[in-house]
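Shown next: input35.txt, given as compact mmCIF, C-alpha atoms and all ligand atoms.
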# COMPACT_ATOMS: atom_id res chain seq x y z
CA MET A 59 -105.92 -87.57 175.07
CA ARG A 60 -108.16 -90.05 176.86
CA VAL A 61 -111.96 -90.00 176.50
CA LEU A 62 -114.49 -92.07 178.46
CA MET A 63 -118.06 -92.59 177.18
CA VAL A 64 -120.67 -93.17 179.90
CA CYS A 65 -124.32 -94.23 179.89
CA LEU A 66 -126.55 -96.16 182.32
CA GLY A 67 -125.99 -99.77 181.30
CA ASN A 68 -122.84 -99.58 179.12
CA ILE A 69 -124.49 -101.95 176.65
CA CYS A 70 -126.45 -99.67 174.27
CA ARG A 71 -125.34 -96.05 173.89
CA SER A 72 -121.81 -95.75 175.31
CA PRO A 73 -120.45 -98.81 173.41
CA LEU A 74 -121.59 -97.12 170.19
CA ALA A 75 -120.06 -93.80 171.23
CA HIS A 76 -116.84 -95.65 172.14
CA GLY A 77 -116.67 -97.54 168.84
CA ILE A 78 -117.56 -94.58 166.65
CA LEU A 79 -115.03 -92.19 168.22
CA GLN A 80 -112.26 -94.80 168.35
CA HIS A 81 -112.80 -95.61 164.67
CA LYS A 82 -112.69 -91.94 163.65
CA ALA A 83 -109.77 -90.94 165.89
CA LYS A 84 -107.68 -94.07 165.27
CA ASP A 85 -104.64 -94.01 167.60
CA SER A 86 -104.78 -90.28 168.32
CA ILE A 87 -107.28 -90.71 171.19
CA PHE A 88 -107.61 -93.52 173.73
CA VAL A 89 -111.34 -94.28 174.10
CA ASP A 90 -113.17 -96.46 176.63
CA SER A 91 -116.73 -96.71 177.97
CA ALA A 92 -118.47 -97.52 181.25
CA GLY A 93 -121.92 -97.57 182.86
CA THR A 94 -123.26 -95.89 185.96
CA ASN A 95 -124.95 -99.14 187.03
CA GLY A 96 -123.61 -102.65 187.23
CA TYR A 97 -126.49 -104.73 185.82
CA HIS A 98 -124.56 -105.99 182.81
CA ILE A 99 -120.90 -106.17 183.93
CA GLY A 100 -118.81 -108.41 181.68
CA GLU A 101 -121.46 -108.63 178.96
CA SER A 102 -121.08 -107.78 175.27
CA PRO A 103 -122.94 -104.78 173.88
CA ASP A 104 -126.69 -105.20 173.25
CA PRO A 105 -127.28 -107.15 169.99
CA ARG A 106 -129.18 -104.15 168.60
CA SER A 107 -126.16 -101.89 169.16
CA ILE A 108 -123.91 -104.50 167.54
CA ALA A 109 -126.32 -104.65 164.58
CA VAL A 110 -126.53 -100.89 163.99
CA ALA A 111 -122.75 -100.68 164.27
CA GLU A 112 -122.35 -103.47 161.71
CA LYS A 113 -124.77 -101.70 159.40
CA ASN A 114 -122.32 -98.80 159.51
CA ASN A 115 -119.23 -101.00 159.03
CA LEU A 116 -118.16 -100.83 162.67
CA ASP A 117 -117.29 -103.83 164.86
CA ILE A 118 -118.03 -103.33 168.58
CA THR A 119 -118.30 -107.04 169.48
CA THR A 120 -115.04 -107.16 171.47
CA GLN A 121 -116.22 -104.55 174.01
CA ARG A 122 -117.20 -105.73 177.49
CA CYS A 123 -119.40 -103.87 179.94
CA ARG A 124 -117.86 -102.33 183.04
CA LYS A 125 -119.03 -99.97 185.75
CA PHE A 126 -117.76 -96.41 186.15
CA GLU A 127 -115.36 -96.07 189.06
CA VAL A 128 -113.97 -93.01 190.83
CA GLN A 129 -110.45 -93.71 189.47
CA ASP A 130 -111.84 -92.96 186.01
CA PHE A 131 -111.65 -89.28 186.94
CA ASP A 132 -107.85 -89.71 187.15
CA ASN A 133 -107.52 -91.87 184.04
CA PHE A 134 -109.52 -89.74 181.57
CA ASP A 135 -109.38 -86.14 180.35
CA ILE A 136 -113.00 -85.98 179.21
CA ILE A 137 -115.97 -87.99 180.49
CA PHE A 138 -118.83 -87.75 178.00
CA VAL A 139 -122.26 -88.68 179.38
CA MET A 140 -125.32 -89.48 177.27
CA ASP A 141 -128.07 -87.82 179.34
CA GLY A 142 -128.88 -85.66 182.33
CA SER A 143 -129.38 -88.65 184.58
CA ASN A 144 -125.88 -89.97 183.80
CA TYR A 145 -124.59 -86.44 184.38
CA ARG A 146 -126.06 -86.25 187.88
CA ASP A 147 -124.91 -89.78 188.76
CA ILE A 148 -121.30 -89.09 187.73
CA LEU A 149 -121.18 -85.66 189.37
CA LYS A 150 -122.21 -87.28 192.66
CA MET A 151 -118.94 -89.24 192.52
CA ALA A 152 -116.73 -86.24 191.70
CA ARG A 153 -114.20 -85.49 194.43
CA ASN A 154 -113.40 -81.93 193.46
CA GLU A 155 -113.93 -79.24 190.85
CA GLU A 156 -111.29 -80.73 188.57
CA ASP A 157 -113.29 -83.98 188.39
CA GLU A 158 -116.53 -82.07 187.81
CA LYS A 159 -115.07 -80.10 184.91
CA LYS A 160 -114.29 -83.31 183.01
CA VAL A 161 -117.96 -84.35 182.77
CA LYS A 162 -119.80 -83.17 179.66
CA LEU A 163 -123.06 -83.99 177.88
CA ILE A 164 -121.92 -85.38 174.54
CA MET A 165 -124.66 -83.73 172.46
CA ASN A 166 -123.42 -80.30 173.54
CA GLU A 167 -120.56 -80.91 171.07
CA HIS A 168 -123.08 -80.86 168.22
CA LYS A 169 -125.61 -78.42 169.73
CA PRO A 170 -123.68 -76.33 172.27
CA GLY A 171 -125.58 -75.26 175.35
CA MET A 172 -128.79 -77.13 174.49
CA ASN A 173 -128.20 -79.97 176.97
CA LEU A 174 -129.83 -82.54 174.67
CA ASN A 175 -130.01 -86.17 175.78
CA VAL A 176 -129.08 -89.20 173.69
CA PRO A 177 -132.33 -91.11 174.40
CA ASP A 178 -132.05 -94.50 176.09
CA PRO A 179 -133.04 -96.99 173.35
CA TYR A 180 -133.11 -100.09 175.60
CA TYR A 181 -136.89 -100.52 175.89
CA GLY A 182 -137.73 -99.36 172.37
CA GLY A 183 -137.39 -100.67 168.81
CA ASP A 184 -134.57 -100.75 166.29
CA GLU A 185 -135.29 -97.20 165.11
CA GLY A 186 -134.12 -95.94 168.51
CA PHE A 187 -130.72 -97.50 167.84
CA ASP A 188 -130.52 -95.91 164.37
CA ASN A 189 -131.29 -92.57 166.02
CA VAL A 190 -128.61 -93.08 168.69
CA TYR A 191 -126.07 -93.96 166.01
CA LYS A 192 -126.91 -90.84 164.00
CA MET A 193 -126.72 -88.55 167.04
CA LEU A 194 -123.38 -89.99 168.16
CA ASP A 195 -121.99 -89.77 164.63
CA GLN A 196 -122.82 -86.05 164.64
CA ALA A 197 -121.50 -85.46 168.16
CA THR A 198 -118.19 -87.22 167.53
CA ASP A 199 -117.67 -85.35 164.24
CA ALA A 200 -118.27 -82.06 166.02
CA PHE A 201 -115.95 -83.04 168.88
CA LEU A 202 -113.10 -83.99 166.54
CA LYS A 203 -113.57 -80.78 164.57
CA ARG A 204 -113.51 -78.72 167.77
CA ILE A 205 -110.28 -80.23 169.07
CA ALA A 206 -108.65 -79.95 165.63
CA ASP A 207 -109.67 -76.27 165.46
CA GLU A 208 -108.37 -75.68 168.98
CA LYS A 209 -105.00 -77.18 168.00
CA THR A 210 -104.57 -74.97 164.94
CA GLY A 211 -105.88 -71.95 166.86
P1 LIG A 301 -127.64 -97.91 177.94
O1 LIG A 301 -129.08 -98.61 177.91
O2 LIG A 301 -127.60 -97.06 179.19
O3 LIG A 301 -127.61 -97.08 176.70
O4 LIG A 301 -126.61 -99.01 177.94
C1 LIG A 301 -129.55 -99.40 178.96
C2 LIG A 301 -129.14 -100.70 179.06
C3 LIG A 301 -129.63 -101.51 180.09
C4 LIG A 301 -130.54 -100.98 180.99
C5 LIG A 301 -130.95 -99.67 180.88
C6 LIG A 301 -130.45 -98.87 179.86
N1 LIG A 301 -131.05 -101.80 182.01
O5 LIG A 301 -131.89 -101.33 182.78
O6 LIG A 301 -130.67 -102.99 182.13

Once more with this new file: its structure as structure tokens, please.
Ligand code: 4NP
Amino acid sequence: MRVLMVCLGNICRSPLAHGILQHKAKDSIFVDSAGTNGYHIGESPDPRSIAVAEKNNLDITTQRCRKFEVQDFDNFDIIFVMDGSNYRDILKMARNEEDEKKVKLIMNEHKPGMNLNVPDPYYGGDEGFDNVYKMLDQATDAFLKRIADEKTG
């Protein structure tokens, strides 16, 4: 399975989602991340995301920002977006229904059907990053539990 994590800048939320899921899933899932805009291409994650990851014994320093591209619909089975704005931006690039079906709000794994956003922490303080980490920890746990349950039937 291949999972892509998407946010706006690919420096705050999606690098954390990428690192957390990859750490939990080890080699069983290929994980990557991308942004809907290109402001930070080639950059490392935001220092505040690196710090909250480190606080939780996770190293995300080797990740580099890239922009979402239409080929990602072919290369990934699931495209998790962080908020409704990401969702609309990615759906605009979908070529067909198959592409559209791959795009999911990540918090719906933890709270199905509620369409909750992972809030953009970029302009706020450190507590926003702690909150993002906690939400993504819950969402990735729920996702892994769901796919394990689906496998065992
Ligand atoms: P992210 O946060 O989407 O979680 O990576 C942002 C990072 C950068 C910007 C906005 C949001 N920006 O405008 O540069």

Nearby polymer residues, ligand LIG 301 (chain A), at most 12 Å, all atoms listed in the file, as number ranges by chain
A: 63-76, 91-99, 101-107, 122-125, 139-144, 175-182, 186-187, 190-191, 194

Considering all atoms listed in the file, return as a PyMOL selection string whatever protein or nucleic-acid residues lie within 12 Å of Lys150 in chain A, sequence-local ones (same chain, fewer than 4 positions apart) excluded.
chain A and resi 94+127-128+143-146+154-155+157-158+161

Using the selection just defined, write its residues with C-alpha atoms as a PDB file, in the coordinates of the input.
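Written output follows (selection.pdb):
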ATOM      1  CA  THR A  94    -123.260 -95.890 185.960  1.00  0.00           C
ATOM      2  CA  GLU A 127    -115.360 -96.070 189.060  1.00  0.00           C
ATOM      3  CA  VAL A 128    -113.970 -93.010 190.830  1.00  0.00           C
ATOM      4  CA  SER A 143    -129.380 -88.650 184.580  1.00  0.00           C
ATOM      5  CA  ASN A 144    -125.880 -89.970 183.800  1.00  0.00           C
ATOM      6  CA  TYR A 145    -124.590 -86.440 184.380  1.00  0.00           C
ATOM      7  CA  ARG A 146    -126.060 -86.250 187.880  1.00  0.00           C
ATOM      8  CA  ASN A 154    -113.400 -81.930 193.460  1.00  0.00           C
ATOM      9  CA  GLU A 155    -113.930 -79.240 190.850  1.00  0.00           C
ATOM     10  CA  ASP A 157    -113.290 -83.980 188.390  1.00  0.00           C
ATOM     11  CA  GLU A 158    -116.530 -82.070 187.810  1.00  0.00           C
ATOM     12  CA  VAL A 161    -117.960 -84.350 182.770  1.00  0.00           C
TER      13      VAL A 161
END

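Shortest separation to Ile87 in chain A among A:Asp147, A:Asp195, A:Asp135, A:Glu156 occurs at residue A:Asp135, atoms counted being all atoms listed in the file.
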
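The shortest atom-to-atom distance to Asn114 in chain A, with all atoms listed in the file taken into account, belongs to A:Gly77 out of A:Gly211, A:Gly77, A:Gly183, A:Gly100.
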
Would you kindly return, as a list of chain:residue names, each protein, DNA or RNA residue with an atom no farther than 12 Å from any atom of His168 in chain A, considering all atoms listed in the file and excluding same-chain residues fewer than 2 positions away?
A:Leu163, A:Ile164, A:Met165, A:Asn166, A:Pro170, A:Gly171, A:Met172, A:Asn173, A:Leu174, A:Asn175, A:Val176, A:Lys192, A:Met193, A:Leu194, A:Asp195, A:Gln196, A:Ala197, A:Thr198, A:Asp199, A:Ala200, A:Phe201, A:Leu202, A:Lys203, A:Arg204

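CA of Gln129 in chain A sits 16.3 Å away from CA of Met59 in chain A.
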
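The space between CA of Asn189 in chain A and CA of Ile108 in chain A spans 14.1 Å.
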
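Take CA of Ser86 in chain A and CA of Lys209 in chain A: the distance between them is 13.1 Å.
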
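Among the candidates A:Leu116, A:Val110, A:Ala152, A:Leu62, the residue lying nearest to Ile78 in chain A is A:Leu116 (atoms considered: only C-alpha atoms).
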